[in-house]
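A.B. asks: Input start.txt, format and content: compact mmCIF, C-alpha atoms and all ligand atoms.
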# COMPACT_ATOMS: atom_id res chain seq x y z
CA MET A 1 -4.64 -20.01 13.89
CA LYS A 2 -7.72 -18.80 12.07
CA ASP A 3 -7.18 -16.91 8.79
CA ARG A 4 -6.87 -13.19 9.38
CA ARG A 5 -8.96 -10.72 7.40
CA LEU A 6 -7.04 -8.33 5.15
CA VAL A 7 -8.40 -5.25 3.38
CA VAL A 8 -6.01 -4.14 0.63
CA MET A 9 -6.14 -0.56 -0.69
CA ILE A 10 -4.74 0.23 -4.13
CA SER A 11 -4.69 2.97 -6.78
CA GLY A 12 -3.17 1.25 -9.79
CA PHE A 13 -1.56 -1.82 -11.32
CA GLY A 14 -1.84 -3.95 -8.18
CA SER A 15 1.25 -6.14 -8.60
CA ASN A 16 1.70 -6.07 -4.82
CA LEU A 17 -1.96 -6.97 -4.34
CA GLN A 18 -1.28 -9.94 -6.63
CA ALA A 19 1.69 -10.98 -4.47
CA ILE A 20 -0.62 -10.87 -1.42
CA LEU A 21 -3.39 -12.85 -3.16
CA ASP A 22 -0.85 -15.46 -4.28
CA ALA A 23 0.72 -15.77 -0.82
CA CYS A 24 -2.73 -16.24 0.77
CA ALA A 25 -3.72 -18.85 -1.83
CA ALA A 26 -0.45 -20.75 -1.36
CA GLY A 27 -0.78 -20.74 2.45
CA ARG A 28 2.32 -18.55 2.83
CA LEU A 29 0.20 -16.06 4.80
CA PRO A 30 -2.36 -17.12 7.43
CA ALA A 31 -4.80 -14.65 5.93
CA ARG A 32 -7.33 -13.92 3.21
CA VAL A 33 -8.21 -10.73 1.38
CA VAL A 34 -11.82 -9.84 2.20
CA LEU A 35 -11.99 -6.53 0.28
CA VAL A 36 -9.96 -4.54 -2.24
CA VAL A 37 -10.52 -0.77 -2.22
CA SER A 38 -9.49 1.54 -5.06
CA ASN A 39 -9.82 5.30 -5.42
CA ARG A 40 -9.36 4.89 -9.20
CA LYS A 41 -11.95 3.17 -11.37
CA GLU A 42 -9.44 2.04 -14.02
CA ALA A 43 -6.99 0.52 -11.50
CA TYR A 44 -5.95 -2.87 -12.93
CA GLY A 45 -5.78 -4.20 -9.38
CA LEU A 46 -9.61 -4.24 -9.38
CA VAL A 47 -9.50 -6.78 -12.22
CA ARG A 48 -7.02 -8.89 -10.24
CA ALA A 49 -9.38 -8.83 -7.23
CA GLN A 50 -12.40 -9.81 -9.32
CA ARG A 51 -10.46 -12.67 -10.88
CA ALA A 52 -9.61 -13.93 -7.39
CA GLY A 53 -13.27 -13.66 -6.35
CA VAL A 54 -12.58 -10.86 -3.85
CA PRO A 55 -15.20 -8.11 -3.33
CA THR A 56 -14.14 -4.64 -4.51
CA LEU A 57 -15.03 -1.11 -3.53
CA TYR A 58 -14.38 1.84 -5.83
CA PHE A 59 -14.43 4.95 -3.67
CA PRO A 60 -13.28 8.16 -5.42
CA LEU A 61 -12.40 11.44 -3.75
CA LYS A 62 -13.61 13.60 -6.65
CA PRO A 63 -17.32 13.82 -5.68
CA TYR A 64 -16.27 15.01 -2.23
CA ARG A 65 -13.97 17.66 -3.71
CA GLU A 66 -16.70 18.82 -6.10
CA ARG A 67 -19.08 19.30 -3.17
CA GLY A 68 -16.40 21.26 -1.32
CA LEU A 69 -16.33 18.69 1.48
CA ASP A 70 -13.40 18.38 3.83
CA ARG A 71 -10.95 15.54 3.25
CA ALA A 72 -11.76 14.20 6.73
CA VAL A 73 -15.36 13.57 5.57
CA TYR A 74 -14.09 11.34 2.75
CA ASP A 75 -11.78 9.50 5.14
CA ARG A 76 -14.55 8.99 7.72
CA ASP A 77 -17.02 7.71 5.08
CA LEU A 78 -14.35 5.40 3.65
CA ALA A 79 -13.71 3.93 7.11
CA GLU A 80 -17.48 3.39 7.52
CA ARG A 81 -17.59 1.43 4.25
CA ILE A 82 -14.64 -0.76 5.32
CA LEU A 83 -15.73 -1.46 8.92
CA PRO A 84 -18.41 -4.08 8.03
CA TYR A 85 -15.62 -6.24 6.53
CA ARG A 86 -14.06 -6.47 10.04
CA PRO A 87 -10.41 -6.22 8.91
CA ASP A 88 -7.65 -7.49 11.18
CA LEU A 89 -5.24 -5.48 9.04
CA ILE A 90 -5.51 -2.83 6.32
CA VAL A 91 -2.68 -2.93 3.78
CA LEU A 92 -1.90 0.14 1.66
CA ALA A 93 -0.33 -1.45 -1.42
CA GLY A 94 0.13 1.46 -3.81
CA TRP A 95 -2.69 3.57 -2.27
CA MET A 96 -1.88 7.09 -3.43
CA HIS A 97 -3.82 9.12 -0.86
CA ILE A 98 -2.64 10.27 2.52
CA LEU A 99 -5.01 9.00 5.21
CA SER A 100 -5.93 11.45 7.96
CA PRO A 101 -6.62 10.64 11.64
CA ALA A 102 -10.34 10.55 10.70
CA PHE A 103 -9.56 7.19 9.02
CA LEU A 104 -6.64 5.96 11.12
CA GLU A 105 -8.39 6.34 14.49
CA ARG A 106 -11.00 3.79 13.39
CA PHE A 107 -8.26 1.13 12.94
CA PRO A 108 -5.59 2.03 15.50
CA GLY A 109 -2.21 0.42 14.73
CA ARG A 110 -3.85 -1.77 12.09
CA VAL A 111 -2.99 0.13 8.91
CA ILE A 112 0.33 -0.65 7.22
CA ASN A 113 1.90 0.90 4.14
CA LEU A 114 4.36 -0.22 1.48
CA HIS A 115 6.76 2.50 0.35
CA PRO A 116 9.43 2.20 -2.38
CA ALA A 117 12.25 3.76 -0.37
CA LEU A 118 14.16 3.08 2.84
CA PRO A 119 13.01 4.63 6.14
CA GLY A 120 13.51 8.38 6.15
CA MET A 121 14.35 8.53 2.43
CA PHE A 122 12.14 9.98 -0.32
CA PRO A 123 8.72 10.17 1.36
CA GLY A 124 5.74 10.91 -0.89
CA MET A 125 5.27 10.50 -4.63
CA ASN A 126 7.74 9.28 -7.29
CA ALA A 127 10.17 7.86 -4.72
CA ILE A 128 11.85 5.48 -7.21
CA GLN A 129 12.47 8.25 -9.73
CA ARG A 130 13.83 10.55 -7.03
CA ALA A 131 16.19 7.80 -5.81
CA PHE A 132 17.34 7.17 -9.39
CA GLU A 133 18.09 10.87 -9.86
CA ALA A 134 19.87 11.10 -6.49
CA TYR A 135 22.04 8.12 -7.51
CA GLN A 136 22.99 9.87 -10.74
CA ARG A 137 24.00 12.96 -8.77
CA GLY A 138 26.21 10.70 -6.64
CA GLU A 139 24.17 11.33 -3.48
CA ILE A 140 23.19 7.71 -2.73
CA ALA A 141 24.64 4.29 -3.59
CA TYR A 142 21.45 2.21 -3.18
CA SER A 143 17.78 2.50 -2.38
CA GLY A 144 15.23 0.08 -0.98
CA CYS A 145 11.67 -0.45 0.13
CA MET A 146 9.84 -0.87 3.40
CA VAL A 147 6.59 -1.71 5.10
CA HIS A 148 5.66 0.40 8.12
CA ILE A 149 2.75 1.05 10.45
CA VAL A 150 0.89 4.13 9.27
CA THR A 151 0.90 7.24 11.45
CA PRO A 152 -0.37 10.68 10.41
CA ALA A 153 3.19 11.51 9.13
CA VAL A 154 3.66 10.64 5.44
CA ASP A 155 5.60 7.41 4.73
CA GLU A 156 6.85 7.22 8.31
CA GLY A 157 6.08 5.04 11.32
CA PRO A 158 7.42 1.88 12.98
CA VAL A 159 9.14 -0.27 10.34
CA LEU A 160 7.97 -3.90 9.99
CA ALA A 161 10.14 -5.06 7.07
CA GLN A 162 12.66 -3.55 4.69
CA ALA A 163 15.07 -4.51 1.93
CA ILE A 164 17.97 -2.79 0.24
CA VAL A 165 17.65 -2.49 -3.54
CA PRO A 166 20.96 -1.90 -5.32
CA ILE A 167 21.18 0.72 -8.06
CA LEU A 168 23.51 -0.24 -10.89
CA LEU A 169 25.55 1.95 -13.20
CA GLU A 170 23.74 0.55 -16.22
CA ASP A 171 20.26 1.02 -14.72
CA THR A 172 17.51 2.94 -16.46
CA LEU A 173 14.52 4.10 -14.44
CA ALA A 174 12.62 1.12 -15.88
CA THR A 175 15.19 -1.50 -14.80
CA LEU A 176 15.42 0.04 -11.33
CA GLU A 177 11.62 0.05 -11.04
CA ALA A 178 11.50 -3.62 -12.03
CA ARG A 179 14.12 -4.55 -9.38
CA MET A 180 12.27 -2.46 -6.79
CA HIS A 181 8.94 -4.19 -7.48
CA GLU A 182 10.57 -7.60 -7.21
CA ALA A 183 11.87 -6.67 -3.74
CA GLU A 184 8.52 -5.16 -2.76
CA HIS A 185 6.68 -8.39 -3.57
CA ARG A 186 8.78 -10.12 -0.88
CA VAL A 187 8.83 -7.28 1.65
CA ILE A 188 5.05 -6.78 1.57
CA ILE A 189 4.51 -10.41 2.60
CA GLU A 190 7.10 -10.19 5.37
CA GLY A 191 5.55 -6.93 6.61
CA ILE A 192 2.05 -8.41 6.70
CA ARG A 193 3.32 -11.49 8.53
CA ARG A 194 5.02 -9.32 11.18
CA ALA A 195 1.96 -7.10 11.59
CA LEU A 196 -0.30 -10.14 12.04
CA GLU A 197 2.06 -11.57 14.66
CA MET A 198 1.93 -8.25 16.53
CA CYS A 199 -1.87 -8.11 16.61
CA GLU A 200 -2.40 -11.77 17.59
C1 LIG B 301 4.60 0.41 -5.34
O1 LIG B 301 5.89 0.66 -5.84
C2 LIG B 301 4.42 1.04 -3.98
O2 LIG B 301 5.57 0.98 -3.19
C3 LIG B 301 4.10 2.48 -4.37
O3 LIG B 301 3.19 2.33 -5.43
C4 LIG B 301 3.56 1.17 -6.20
C5 LIG B 301 2.33 0.33 -6.47
O4 LIG B 301 2.62 -0.72 -7.37
N1 LIG B 301 3.54 3.21 -3.25
C6 LIG B 301 3.89 4.46 -2.92
O5 LIG B 301 4.66 5.12 -3.58
C7 LIG B 301 3.23 5.01 -1.66
N2 LIG B 301 3.90 6.18 -1.20
P1 LIG B 301 1.55 -1.88 -7.67
O6 LIG B 301 0.21 -1.16 -7.95
O7 LIG B 301 2.06 -2.61 -8.85
O8 LIG B 301 1.45 -2.74 -6.44
Please go through the file and, once you have read it, give me the structure as structure tokens.
Ligand code: GAR
C.D. replies:
Amino acid sequence: MKDRRLVVMISGFGSNLQAILDACAAGRLPARVVLVVSNRKEAYGLVRAQRAGVPTLYFPLKPYRERGLDRAVYDRDLAERILPYRPDLIVLAGWMHILSPAFLERFPGRVINLHPALPGMFPGMNAIQRAFEAYQRGEIAYSGCMVHIVTPAVDEGPVLAQAIVPILLEDTLATLEARMHEAEHRVIIEGIRRALEMCE
């Protein structure tokens, strides 16, 4: 099977992007990353992409906001910039913007998202911290992470891969975050593999 074309979208450190780049390089994924998109200029993930020889696109929302333009205009323009790279799959790996139908309808069923919580739990920002706090209040015994197909609902949609991440009595937020990221680096690869099988 020919290598599939991945576009990875990030906003920060890019440890999950690194897991994807490593899996592609090691032949653990029948794919290659053809573009990394960031909405933040200082995202360390951009450095990781450059080191791997992958083209990058920095595409901030701020200029659109300053011109009073609708969010859908940003999303439509972003899709236009990505289309020439002919992605088989778009992977949101720490992309901290919600994508509207103006973006999603250009890549139907081909956008997947990594979220640091189990399905239906802690959608949106700071999911790990909210799980940690819920654990301390005795409301949950564990958390987890998942990869799902993106729909207009936030952090929801058909689940492709998931893993439970235990929370321990002695955990700090930092130790829980570290355990979560370790699980994510496996789940993101499994989720991409499943998604590629589905769009064969
Ligand atoms: C990951 O924990 C990912 O699940 C989360 O951002 C982090 C990015 O880490 N995404 C969300 O919270 C999306 N709702 P990374 O930049 O090191 O890959």
A.B. asks: Near Lys2 (chain A), within 10 Å and counting all atoms listed in the file, which residues show up once chain neighbours fewer than 3 positions away are dropped, as a compact mmCIF listing (two decimals) with C-alpha atoms, keeping the file's coordinate frame?
C.D. replies:
# COMPACT_ATOMS: atom_id res chain seq x y z
CA ARG A 5 -8.96 -10.72 7.40
CA PRO A 30 -2.36 -17.12 7.43
CA ALA A 31 -4.80 -14.65 5.93
A.B. asks: So, counting all atoms listed in the file, which residue among A:Asp75, A:Glu184, A:Glu66, A:Asp22 is closest to Met146 (chain A)?
C.D. replies: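 Among the listed residues, the smallest separation from Met146 (chain A) belongs to A:Glu184.
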A.B. asks: Excluding same-chain residues fewer than 2 positions from Leu89 (chain A), what lies within 10 Å of it counting all atoms listed in the file, as an MDAnalysis selection string?
C.D. replies: chainID A and resid 4:8 31 33 86:87 91:92 107:112 192 195:196 199
A.B. asks: Could you list, as a list in words, every residue within 10 Å of Ile188 (chain A), counting only C-alpha atoms and ignoring same-chain residues fewer than 2 positions away?
C.D. replies: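 Using only C-alpha atoms, the neighbours found are Asn16, Leu17, Ala19, Ile20, Val91, Leu92, Ala93, Ile112, Asn113, Leu114, His115, Cys145, Met146, Val147, His148, Leu160, Ala161, Gln162, Ala183, Glu184, His185, Arg186, Glu190, Gly191, Ile192, Arg193 and Arg194 of chain A.
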A.B. asks: Dump C-alpha atoms for the selected residues as an mmCIF file, in the frame of the given file?
C.D. replies:
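And here is the file that came out, selection_14.cif:
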data_model
loop_
_atom_site.group_PDB
_atom_site.id
_atom_site.type_symbol
_atom_site.label_atom_id
_atom_site.label_comp_id
_atom_site.auth_asym_id
_atom_site.auth_seq_id
_atom_site.Cartn_x
_atom_site.Cartn_y
_atom_site.Cartn_z
ATOM 1 C CA ASN A 16 1.700 -6.070 -4.820
ATOM 2 C CA LEU A 17 -1.960 -6.970 -4.340
ATOM 3 C CA ALA A 19 1.690 -10.980 -4.470
ATOM 4 C CA ILE A 20 -0.620 -10.870 -1.420
ATOM 5 C CA VAL A 91 -2.680 -2.930 3.780
ATOM 6 C CA LEU A 92 -1.900 0.140 1.660
ATOM 7 C CA ALA A 93 -0.330 -1.450 -1.420
ATOM 8 C CA ILE A 112 0.330 -0.650 7.220
ATOM 9 C CA ASN A 113 1.900 0.900 4.140
ATOM 10 C CA LEU A 114 4.360 -0.220 1.480
ATOM 11 C CA HIS A 115 6.760 2.500 0.350
ATOM 12 C CA CYS A 145 11.670 -0.450 0.130
ATOM 13 C CA MET A 146 9.840 -0.870 3.400
ATOM 14 C CA VAL A 147 6.590 -1.710 5.100
ATOM 15 C CA HIS A 148 5.660 0.400 8.120
ATOM 16 C CA LEU A 160 7.970 -3.900 9.990
ATOM 17 C CA ALA A 161 10.140 -5.060 7.070
ATOM 18 C CA GLN A 162 12.660 -3.550 4.690
ATOM 19 C CA ALA A 183 11.870 -6.670 -3.740
ATOM 20 C CA GLU A 184 8.520 -5.160 -2.760
ATOM 21 C CA HIS A 185 6.680 -8.390 -3.570
ATOM 22 C CA ARG A 186 8.780 -10.120 -0.880
ATOM 23 C CA GLU A 190 7.100 -10.190 5.370
ATOM 24 C CA GLY A 191 5.550 -6.930 6.610
ATOM 25 C CA ILE A 192 2.050 -8.410 6.700
ATOM 26 C CA ARG A 193 3.320 -11.490 8.530
ATOM 27 C CA ARG A 194 5.020 -9.320 11.180
#
A.B. asks: Just to confirm, what's the straight-line distance from CA of Val36 (chain A) to CA of Ile149 (chain A) in Å (one decimal)?
C.D. replies: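 Between these atoms lies a distance of 18.8 Å.
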A.B. asks: Residues up to 7 Å from ligand LIG 301 (chain B), counting all atoms listed in the file: could you list those as a ChimeraX atom specification?
C.D. replies: /A:10-17,45,93-96,114-116,123-127,155,181,184
A.B. asks: Just to be explicit: take each residue in the selection above, keep C-alpha atoms, and write the result as an mmCIF file, in the coordinates of the input.
C.D. replies:
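Output file selection.cif follows:
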data_model
loop_
_atom_site.group_PDB
_atom_site.id
_atom_site.type_symbol
_atom_site.label_atom_id
_atom_site.label_comp_id
_atom_site.auth_asym_id
_atom_site.auth_seq_id
_atom_site.Cartn_x
_atom_site.Cartn_y
_atom_site.Cartn_z
ATOM 1 C CA ILE A 10 -4.740 0.230 -4.130
ATOM 2 C CA SER A 11 -4.690 2.970 -6.780
ATOM 3 C CA GLY A 12 -3.170 1.250 -9.790
ATOM 4 C CA PHE A 13 -1.560 -1.820 -11.320
ATOM 5 C CA GLY A 14 -1.840 -3.950 -8.180
ATOM 6 C CA SER A 15 1.250 -6.140 -8.600
ATOM 7 C CA ASN A 16 1.700 -6.070 -4.820
ATOM 8 C CA LEU A 17 -1.960 -6.970 -4.340
ATOM 9 C CA GLY A 45 -5.780 -4.200 -9.380
ATOM 10 C CA ALA A 93 -0.330 -1.450 -1.420
ATOM 11 C CA GLY A 94 0.130 1.460 -3.810
ATOM 12 C CA TRP A 95 -2.690 3.570 -2.270
ATOM 13 C CA MET A 96 -1.880 7.090 -3.430
ATOM 14 C CA LEU A 114 4.360 -0.220 1.480
ATOM 15 C CA HIS A 115 6.760 2.500 0.350
ATOM 16 C CA PRO A 116 9.430 2.200 -2.380
ATOM 17 C CA PRO A 123 8.720 10.170 1.360
ATOM 18 C CA GLY A 124 5.740 10.910 -0.890
ATOM 19 C CA MET A 125 5.270 10.500 -4.630
ATOM 20 C CA ASN A 126 7.740 9.280 -7.290
ATOM 21 C CA ALA A 127 10.170 7.860 -4.720
ATOM 22 C CA ASP A 155 5.600 7.410 4.730
ATOM 23 C CA HIS A 181 8.940 -4.190 -7.480
ATOM 24 C CA GLU A 184 8.520 -5.160 -2.760
#
A.B. asks: Measure the distance from CA of Arg179 (chain A) to CA of Cys24 (chain A) in Å and round it to one decimal.
C.D. replies: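 Interatomic distance here is 22.9 Å.
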A.B. asks: With distances taken over all atoms listed in the file, which residue among A:Leu35, A:Lys62, A:Leu69, A:Ile98 lies nearest Gln50 (chain A)?
C.D. replies: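 Checking each of A:Leu35, A:Lys62, A:Leu69, A:Ile98 against Gln50 (chain A), counting all atoms listed in the file, the winner is A:Leu35.
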A.B. asks: Given all atoms listed in the file as the basis, pick out the residue of A:Met9, A:Ala79, A:Ala26, A:Val159 nearest to Asn39 (chain A).
C.D. replies: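 Nearest to Asn39 (chain A): A:Met9.
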A.B. asks: If we count only C-alpha atoms, what is near Phe132 (chain A) at a cut-off of 10 Å, once residues fewer than 4 positions away on the same chain are taken out, given as a PyMOL selection string?
C.D. replies: chain A and resi 127-128+136-143+167-168+171-173+176-177
A.B. asks: Can you work out the spacing between CA of Arg71 (chain A) and CA of Glu42 (chain A) in Å, to one decimal?
C.D. replies: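 Between CA of Arg71 (chain A) and CA of Glu42 (chain A) the gap is 22.0 Å.
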A.B. asks: Just checking: using all atoms listed in the file, which residue out of A:His97, A:Glu133, A:Val165, A:Glu156 ends up closest to Met121 (chain A)?
C.D. replies: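 Answer, going by the shortest atom-to-atom distance: A:Glu156.
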